[in-house]
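**Student:** Next up, my_file-v6.csv (CSV, C-alpha atoms).
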```
chain,number,residue,atom,x,y,z
A,277,MET,CA,28.5,17.0,25.3
A,278,ASP,CA,25.0,17.9,24.1
A,279,SER,CA,25.9,17.4,20.5
A,280,ASP,CA,27.5,14.1,21.5
A,281,ASP,CA,24.3,13.0,23.1
A,282,ALA,CA,22.4,14.0,20.0
A,283,SER,CA,24.7,12.0,17.8
A,284,LEU,CA,24.3,9.0,20.1
A,285,VAL,CA,20.6,9.3,20.0
A,286,GLU,CA,20.7,9.6,16.2
A,287,GLY,CA,23.0,6.6,15.9
A,288,PHE,CA,20.7,4.5,18.0
A,289,LEU,CA,17.6,5.5,16.1
A,290,SER,CA,18.8,5.5,12.6
A,291,ARG,CA,21.3,2.7,12.6
A,292,GLY,CA,20.0,0.7,15.6
A,293,ALA,CA,23.5,0.9,17.0
A,294,GLU,CA,23.0,-0.4,20.5
A,295,GLU,CA,26.5,0.6,21.6
A,296,CYS,CA,25.2,4.2,21.3
A,297,PHE,CA,22.5,3.4,23.7
A,298,GLN,CA,25.0,1.7,26.0
A,299,ARG,CA,27.1,4.8,26.0
A,300,LEU,CA,24.1,6.9,27.0
A,301,VAL,CA,23.4,4.5,29.9
A,302,ASP,CA,27.0,4.6,31.1
A,303,ARG,CA,27.0,8.4,30.9
A,304,TYR,CA,23.7,9.0,32.8
A,305,LYS,CA,23.1,6.0,35.0
A,306,GLU,CA,24.7,7.6,38.1
A,307,ARG,CA,22.9,10.8,37.7
A,308,VAL,CA,19.5,9.1,37.1
A,309,PHE,CA,20.2,7.0,40.2
A,310,ARG,CA,21.0,10.1,42.3
A,311,LEU,CA,17.8,11.8,41.2
A,312,ALA,CA,15.7,8.7,41.8
A,313,ALA,CA,17.2,8.2,45.3
A,314,SER,CA,16.6,11.8,46.1
A,315,VAL,CA,13.0,11.7,45.2
A,316,MET,CA,12.5,8.5,47.2
A,317,GLY,CA,14.4,9.8,50.2
A,318,PRO,CA,16.4,7.8,52.8
A,319,ARG,CA,13.3,5.8,53.7
A,320,PHE,CA,12.8,4.2,50.3
A,321,ALA,CA,16.3,4.7,48.7
A,322,ALA,CA,16.5,0.9,48.2
A,323,GLU,CA,14.1,1.2,45.3
A,324,ALA,CA,16.2,3.8,43.4
A,325,GLU,CA,18.2,1.2,41.5
A,326,ASP,CA,15.1,-0.5,40.2
A,327,ILE,CA,13.7,2.9,39.1
A,328,THR,CA,16.9,3.7,37.3
A,329,GLN,CA,16.6,0.4,35.3
A,330,GLU,CA,12.9,1.1,34.5
A,331,VAL,CA,13.9,4.6,33.3
A,332,PHE,CA,16.4,3.2,30.8
A,333,ILE,CA,14.0,0.5,29.6
A,334,GLN,CA,11.5,3.2,29.0
A,335,VAL,CA,14.1,5.3,27.1
A,336,PHE,CA,15.0,2.3,25.1
A,337,ARG,CA,11.4,1.8,24.1
A,338,LYS,CA,10.4,5.4,23.6
A,339,LEU,CA,13.5,7.1,22.3
A,340,SER,CA,11.8,7.3,18.9
A,341,THR,CA,9.2,9.6,20.5
A,342,PHE,CA,11.9,12.0,21.7
A,343,ARG,CA,11.2,15.2,19.7
A,344,ARG,CA,14.6,16.7,20.1
A,345,GLU,CA,13.1,20.1,21.0
A,346,SER,CA,14.9,19.9,24.3
A,347,ARG,CA,18.2,18.3,25.3
A,348,PHE,CA,18.3,14.5,25.7
A,349,ALA,CA,19.4,15.0,29.4
A,350,THR,CA,16.4,17.2,30.1
A,351,TRP,CA,14.0,14.6,28.6
A,352,LEU,CA,15.7,11.8,30.5
A,353,TYR,CA,15.6,13.6,33.9
A,354,ARG,CA,11.9,14.4,33.4
A,355,ILE,CA,11.2,10.7,32.8
A,356,ALA,CA,13.2,9.7,35.9
A,357,TYR,CA,11.6,12.3,38.1
A,358,ASN,CA,8.1,11.4,37.1
A,359,LYS,CA,8.8,7.7,37.5
A,360,ALA,CA,10.3,8.1,40.9
A,361,LEU,CA,7.4,10.3,42.1
A,362,GLU,CA,5.0,7.6,40.9
A,363,ARG,CA,7.0,4.9,42.7
A,364,LYS,CA,7.2,7.0,45.9
A,365,ARG,CA,3.4,7.4,46.0
A,366,MET,CA,3.1,3.6,45.8
A,367,ALA,CA,5.9,2.9,48.3
A,368,ARG,CA,4.4,5.2,50.9
A,369,PHE,CA,1.2,3.3,50.7
A,370,ARG,CA,2.5,-0.2,50.4
A,371,PHE,CA,5.7,-0.2,52.5
A,372,SER,CA,5.2,2.4,55.1
A,373,HIS,CA,6.5,0.2,58.0
A,374,GLN,CA,9.4,-1.1,56.0
A,375,GLY,CA,10.4,2.5,55.4
A,376,GLU,CA,10.2,3.3,59.1
A,377,GLY,CA,12.5,0.4,59.8
A,378,ALA,CA,15.1,1.5,57.3
A,379,LEU,CA,15.0,5.0,58.6
A,380,SER,CA,15.5,3.9,62.2
A,381,ALA,CA,18.5,1.8,61.3
A,382,MET,CA,20.0,4.8,59.4
A,383,THR,CA,19.5,7.4,62.1
A,384,ALA,CA,20.6,5.2,65.0
A,385,PRO,CA,23.8,6.8,66.3
A,386,ALA,CA,26.6,4.3,65.6
A,387,GLU,CA,28.6,4.4,68.8
A,388,GLN,CA,27.0,6.6,71.3
A,389,SER,CA,28.2,5.9,74.9
A,390,ASP,CA,25.5,7.9,76.6
A,391,PRO,CA,22.1,6.3,75.9
A,392,GLN,CA,20.2,9.4,76.8
A,393,LYS,CA,22.2,11.5,74.4
A,394,ALA,CA,21.8,8.8,71.8
A,395,ALA,CA,18.1,8.9,72.2
A,396,ALA,CA,18.0,12.7,72.0
A,397,VAL,CA,20.1,12.6,68.8
A,398,LYS,CA,17.8,10.0,67.3
A,399,GLN,CA,14.7,11.9,68.3
A,400,ARG,CA,16.0,15.0,66.7
A,401,SER,CA,16.9,13.2,63.5
A,402,ARG,CA,13.5,11.7,63.3
A,403,ALA,CA,11.9,15.1,63.8
A,404,VAL,CA,13.9,16.5,61.0
A,405,PHE,CA,13.1,13.6,58.6
A,406,ASP,CA,9.4,13.9,59.5
A,407,SER,CA,9.6,17.6,58.8
A,408,LEU,CA,11.3,16.9,55.5
A,409,GLU,CA,8.5,14.5,54.6
A,410,THR,CA,5.9,17.2,55.0
A,411,LEU,CA,7.7,19.4,52.5
A,412,ASP,CA,6.1,19.5,49.1
A,413,GLU,CA,7.9,18.5,45.9
A,414,PRO,CA,10.2,19.6,44.5
A,415,TYR,CA,11.5,21.3,47.7
A,416,ARG,CA,12.2,17.9,49.4
A,417,THR,CA,14.0,16.5,46.4
A,418,ALA,CA,16.1,19.7,46.1
A,419,ILE,CA,17.1,19.3,49.8
A,420,HIS,CA,18.0,15.6,49.4
A,421,LEU,CA,20.0,16.3,46.2
A,422,HIS,CA,21.9,19.1,47.9
A,423,TYR,CA,22.5,17.9,51.4
A,424,TRP,CA,22.5,14.1,50.9
A,425,MET,CA,23.9,13.7,47.4
A,426,LYS,CA,26.1,16.8,47.7
A,427,CYS,CA,25.0,18.1,44.3
A,428,PRO,CA,25.8,21.7,43.5
A,429,VAL,CA,22.9,24.0,42.6
A,430,SER,CA,23.7,24.0,38.9
A,431,GLU,CA,23.4,20.2,38.8
A,432,ILE,CA,20.1,20.3,40.8
A,433,ALA,CA,18.8,22.9,38.3
A,434,GLU,CA,19.5,20.5,35.5
A,435,TYR,CA,17.7,17.6,37.2
A,436,LEU,CA,14.6,19.6,38.0
A,437,GLY,CA,14.6,21.6,34.8
A,438,THR,CA,14.5,25.0,36.6
A,439,PRO,CA,16.9,28.0,36.7
A,440,PRO,CA,19.5,27.9,39.5
A,441,GLY,CA,17.8,30.9,41.2
A,442,THR,CA,14.7,28.8,41.6
A,443,VAL,CA,16.7,25.9,43.1
A,444,LYS,CA,18.2,28.3,45.6
A,445,SER,CA,14.7,29.4,46.7
A,446,TYR,CA,13.6,25.7,47.0
A,447,LEU,CA,16.6,25.1,49.3
A,448,HIS,CA,15.8,28.2,51.2
A,449,ARG,CA,12.3,27.2,51.9
A,450,GLY,CA,13.3,23.7,52.8
A,451,ARG,CA,15.9,25.1,55.3
A,452,GLN,CA,13.3,27.4,56.8
A,453,ARG,CA,11.0,24.5,57.5
A,454,LEU,CA,13.9,22.5,59.0
A,455,ALA,CA,15.1,25.4,61.1
A,456,ARG,CA,11.7,25.8,62.5
A,457,THR,CA,11.6,22.1,63.4
A,458,LEU,CA,15.0,22.2,65.0
A,459,LYS,CA,14.1,25.3,67.0
A,460,GLU,CA,10.9,23.6,68.3
A,461,GLU,CA,13.0,20.6,69.2
A,462,ARG,CA,15.4,22.7,71.1
A,463,ASN,CA,12.6,24.4,73.0
A,464,ASP,CA,11.0,21.1,73.9
A,465,GLY,CA,14.3,19.6,75.0
B,40,MET,CA,11.9,34.0,60.0
B,41,ASP,CA,9.6,33.3,57.1
B,42,GLU,CA,10.8,36.3,55.1
B,43,ILE,CA,13.5,35.7,52.6
B,44,CYS,CA,16.6,37.6,53.7
B,45,ALA,CA,18.3,39.5,51.0
B,46,SER,CA,21.6,37.8,51.9
B,47,PHE,CA,20.2,34.4,51.4
B,48,ASP,CA,22.4,33.6,48.4
B,49,HIS,CA,25.5,34.4,50.5
B,50,LEU,CA,24.2,32.3,53.3
B,51,TRP,CA,23.9,29.4,51.0
B,52,ALA,CA,27.2,29.9,49.2
B,53,SER,CA,29.3,30.4,52.3
B,54,GLY,CA,28.1,27.0,53.6
B,55,HIS,CA,28.9,25.1,50.5
B,56,ASP,CA,32.3,26.2,49.2
B,57,GLU,CA,30.8,28.1,46.3
B,58,ALA,CA,31.5,31.6,47.5
B,59,THR,CA,34.5,33.8,47.0
B,60,ASP,CA,36.6,35.1,49.9
B,61,GLU,CA,35.0,38.5,49.5
B,62,GLU,CA,31.5,37.0,49.6
B,63,ARG,CA,32.4,35.0,52.7
B,64,ARG,CA,33.6,38.2,54.5
B,65,ASP,CA,30.5,40.0,53.5
B,66,PHE,CA,28.4,37.2,54.8
B,67,GLU,CA,30.2,36.9,58.1
B,68,GLN,CA,29.6,40.6,58.6
B,69,HIS,CA,26.0,40.3,57.7
B,70,LEU,CA,25.6,37.3,59.9
B,71,ALA,CA,26.6,39.2,63.0
B,72,GLU,CA,23.7,41.6,62.3
B,73,CYS,CA,20.9,39.3,61.0
B,74,PRO,CA,19.2,36.9,63.4
B,75,ALA,CA,17.2,35.3,60.6
B,76,CYS,CA,20.4,34.4,58.7
B,77,ARG,CA,21.9,33.1,61.9
B,78,GLU,CA,19.0,30.8,62.4
B,79,GLN,CA,19.2,29.7,58.8
B,80,ARG,CA,22.9,28.9,59.2
B,81,ILE,CA,22.2,26.8,62.3
B,82,ALA,CA,19.6,24.9,60.2
B,83,ASP,CA,22.0,24.5,57.3
B,84,ARG,CA,24.7,23.1,59.5
B,85,ALA,CA,22.3,20.8,61.3
B,86,VAL,CA,20.9,19.4,58.1
B,87,GLU,CA,24.4,18.9,56.7
B,88,LYS,CA,25.4,17.0,59.8
B,89,LEU,CA,22.2,14.9,59.8
B,90,PHE,CA,22.7,13.8,56.2
B,91,SER,CA,26.4,13.2,56.7
B,92,ASP,CA,25.4,10.3,59.0
B,93,ILE,CA,23.3,8.7,56.3
B,94,PRO,CA,25.3,6.7,53.8
B,95,ARG,CA,24.8,7.7,50.2
B,96,PRO,CA,23.3,4.9,48.2
B,97,GLN,CA,25.4,3.4,45.4
B,98,LEU,CA,24.5,1.5,42.3
B,99,SER,CA,25.2,-2.1,42.8
B,100,PRO,CA,27.9,-3.9,40.7
B,101,ALA,CA,25.1,-6.1,39.2
B,102,PHE,CA,23.3,-3.0,37.8
B,103,GLY,CA,24.7,-3.5,34.2
B,104,GLU,CA,24.0,-7.2,34.1
B,105,GLU,CA,20.4,-6.8,35.3
B,106,LEU,CA,19.8,-4.0,32.9
B,107,ASP,CA,21.2,-6.1,30.0
B,108,ARG,CA,18.8,-8.9,31.0
B,109,ARG,CA,15.8,-6.5,31.1
B,110,LEU,CA,16.9,-4.8,27.9
B,111,SER,CA,17.1,-8.0,26.0
B,112,ARG,CA,13.5,-8.7,26.9
B,113,ALA,CA,12.6,-5.1,25.7
B,114,ARG,CA,14.6,-5.7,22.6
B,115,GLY,CA,12.5,-8.8,21.9
B,116,ASP,CA,9.3,-6.7,22.2
B,117,ARG,CA,10.8,-4.0,19.9
B,118,ILE,CA,11.8,-6.5,17.2
B,119,GLY,CA,8.9,-8.9,17.6
B,120,ARG,CA,6.0,-6.5,17.7
B,121,PRO,CA,6.3,-5.0,14.2
B,122,PHE,CA,6.7,-8.4,12.7
B,123,LEU,CA,3.7,-9.8,14.6
B,124,MET,CA,1.7,-6.7,13.6
B,125,GLN,CA,2.5,-7.3,9.9
B,126,LEU,CA,1.6,-10.9,10.3
B,127,TYR,CA,-1.7,-9.8,11.9
B,128,TRP,CA,-2.6,-7.4,9.1
B,129,LEU,CA,-1.6,-9.8,6.3
B,130,THR,CA,-3.8,-12.6,7.8
B,131,ALA,CA,-6.7,-10.1,8.3
B,132,SER,CA,-6.3,-8.9,4.7
B,133,ILE,CA,-6.3,-12.4,3.2
B,134,LEU,CA,-9.3,-13.4,5.3
B,135,SER,CA,-11.2,-10.3,4.3
B,136,LEU,CA,-10.4,-10.9,0.7
B,137,LEU,CA,-11.6,-14.6,0.9
B,138,ILE,CA,-14.8,-13.6,2.6
B,139,PHE,CA,-15.4,-10.9,0.0
B,140,VAL,CA,-14.8,-13.2,-2.9
B,141,TYR,CA,-16.9,-16.0,-1.3
B,142,SER,CA,-19.8,-13.7,-0.6
B,143,GLY,CA,-19.6,-12.4,-4.2
B,144,ASN,CA,-20.5,-15.9,-5.3
B,145,GLN,CA,-23.6,-15.9,-3.2
B,146,CYS,CA,-25.4,-12.7,-4.2
B,147,THR,CA,-24.7,-9.0,-5.0
B,148,GLN,CA,-26.6,-7.7,-2.0
B,149,ASN,CA,-24.4,-9.6,0.4
B,150,ARG,CA,-21.3,-8.5,-1.4
B,151,THR,CA,-22.2,-4.8,-1.0
B,152,ALA,CA,-23.0,-5.3,2.7
B,153,LEU,CA,-19.7,-7.0,3.3
B,154,LEU,CA,-17.8,-4.5,1.4
B,155,LEU,CA,-19.3,-1.7,3.4
B,156,ALA,CA,-18.6,-3.6,6.7
B,157,LEU,CA,-15.0,-4.1,5.7
B,158,VAL,CA,-14.5,-0.5,4.7
B,159,CYS,CA,-16.2,0.6,7.9
B,160,PHE,CA,-14.0,-1.6,10.1
B,161,THR,CA,-10.6,-1.5,8.2
B,162,LEU,CA,-10.3,2.2,7.3
B,163,PRO,CA,-10.8,3.7,10.7
B,164,THR,CA,-8.6,1.0,12.3
B,165,LEU,CA,-5.8,1.8,9.9
B,166,LEU,CA,-6.2,5.5,10.1
B,167,LEU,CA,-6.3,5.6,13.9
B,168,GLY,CA,-3.4,3.2,14.0
B,169,ARG,CA,-1.4,5.5,11.7
B,170,VAL,CA,-2.3,8.7,13.6
B,171,PHE,CA,-1.9,7.4,17.2
B,172,ARG,CA,0.6,4.6,16.5
B,173,PHE,CA,-1.9,2.3,18.1
B,174,SER,CA,-3.9,-0.8,17.3
B,175,LEU,CA,-6.1,-3.3,19.0
B,176,PHE,CA,-3.4,-5.8,18.6
B,177,ASP,CA,-0.9,-3.5,20.3
B,178,LEU,CA,-3.3,-3.1,23.1
B,179,ILE,CA,-3.7,-6.8,23.6
B,180,VAL,CA,0.1,-7.3,23.5
B,181,ARG,CA,0.6,-4.5,26.0
B,182,THR,CA,-2.0,-5.9,28.3
B,183,MET,CA,-0.4,-9.3,28.3
B,184,ASN,CA,3.1,-7.9,29.0
B,185,HIS,CA,1.9,-5.4,31.7
B,186,PRO,CA,-1.3,-6.6,33.2
B,187,GLU,CA,-1.1,-4.0,35.9
B,188,LYS,CA,-1.4,-1.3,33.2
B,189,ARG,CA,-4.5,-2.6,31.5
B,190,PHE,CA,-6.6,0.4,32.6
B,191,GLY,CA,-4.1,2.8,31.1
B,192,ALA,CA,-2.5,3.6,34.5
```
Is it possible to give me this structure as structure tokens?
**Tutor:**
Amino acid sequence: MDSDDASLVEGFLSRGAEECFQRLVDRYKERVFRLAASVMGPRFAAEAEDITQEVFIQVFRKLSTFRRESRFATWLYRIAYNKALERKRMARFRFSHQGEGALSAMTAPAEQSDPQKAAAVKQRSRAVFDSLETLDEPYRTAIHLHYWMKCPVSEIAEYLGTPPGTVKSYLHRGRQRLARTLKEERNDG
Amino acid sequence: MDEICASFDHLWASGHDEATDEERRDFEQHLAECPACREQRIADRAVEKLFSDIPRPQLSPAFGEELDRRLSRARGDRIGRPFLMQLYWLTASILSLLIFVYSGNQCTQNRTALLLALVCFTLPTLLLGRVFRFSLFDLIVRTMNHPEKRFGA
């Protein structure tokens, strides 16, 4: 697969074959989207598609600067991760209320007969999300990729460019924080 | 709670279908004895449940179409920019040559001064452009295409 990526990159750069670029897009669009959505988190996931498009536009423009010292996928994920981080910083500042609304809609229990129970579930969900937001990068993204996108550790390691052992420690630390929050919630409740 | 339990990997694996039967048995045994891991497992399950209620976002069917549209604009930049750059340098060269020849007809002192001015302006611009793949013209085009990035953000 790597050599295939390399030949597609080569085909695009040397012959200007745009079908090679299209194949790279088809191959990686879902993964770039998953990574972007995980960096943005449930609050701002709506922006992930736009980020994915921007990533491929940037790759189209800058592929000639790709030094081929690393794998194409590694280079691509690095661009996607940085772009999503940049967008998240802006989104937090510009659309904080919009993000709150999106989160409320998502964490509202769908068909909860007991209003008190529904409110408790909602409150707990919010507490966990708030706790997640206070996690540093890349812990938060690792948690999103694993629990939300259901990515295995090996795939997360590829996205974040770290060994699988490091990803496991990211997840561990994220879980610790969430466990603490849940415990406090239980004690309060 | 803050200390990493040695069985952490097993804890993770048993919750995510990546463990062997033996690892699961070992973990269950460990779990009975380790309150930290029990707490972790509670958190693990709770977070899993929480995220299971949140729909996973999907790429829209219009993704490809929209990307094509934006790519064709980028393609225009990619093809158009080198051509415009060449046109720019060609025009600048002809103008410089005309000024040089014209000034030569006036007097020798002027000609030397202009030659020096041309060398001082053109050589560094060309060299910097070669080394950093950058030119004043490129900066102007980029600023016009992305006004929000004009301060190099």
**Student:** Could you please tell me, as a list of chain:residue names, which residues of chain B have an atom within 6 Å of chain A when using only C-alpha atoms?
**Tutor:**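 Result, ordered by chain then number: B:Ala82, B:Glu87, B:Phe90, B:Ile93, B:Leu106.
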**Student:** Given the choices A:Val443, A:Val308, A:Met316, A:Leu436, which gets closest to Ala367 of chain A if the distance is worked out from all atoms listed in the file?
**Tutor:**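 Looking at the shortest contact to Ala367 of chain A, the residue is A:Met316.
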**Student:** So what do you get for atom CA of Ala282 of chain A versus atom CA of Cys296 of chain A, distance-wise?
**Tutor:** 10.3 Å
**Student:** Record the distance separating atom CA of Asp390 of chain A and atom CA of Ser407 of chain A, expressed in Å with one decimal.
**Tutor:**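 A separation of 25.8 Å between them.
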**Student:** Give me the residues within 12 Å of Gly287 of chain A as a PyMOL selection string, counting all atoms listed in the file and dropping any in the same chain fewer than 5 places off.
**Tutor:** chain A and resi 280-282+292-300+339-340
**Student:** Work out how far apart atom CA of Thr438 of chain A and atom CA of Asn358 of chain A are and give it in Å to one decimal.
**Tutor:**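 Interatomic distance here is 15.0 Å.
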**Student:** Could you check which of A:Arg291, A:Arg307, A:Arg319, A:Lys393 is closest to Ala356 of chain A, using only C-alpha atoms?
**Tutor:**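 With only C-alpha atoms as the atom set, the closest residue is A:Arg307.
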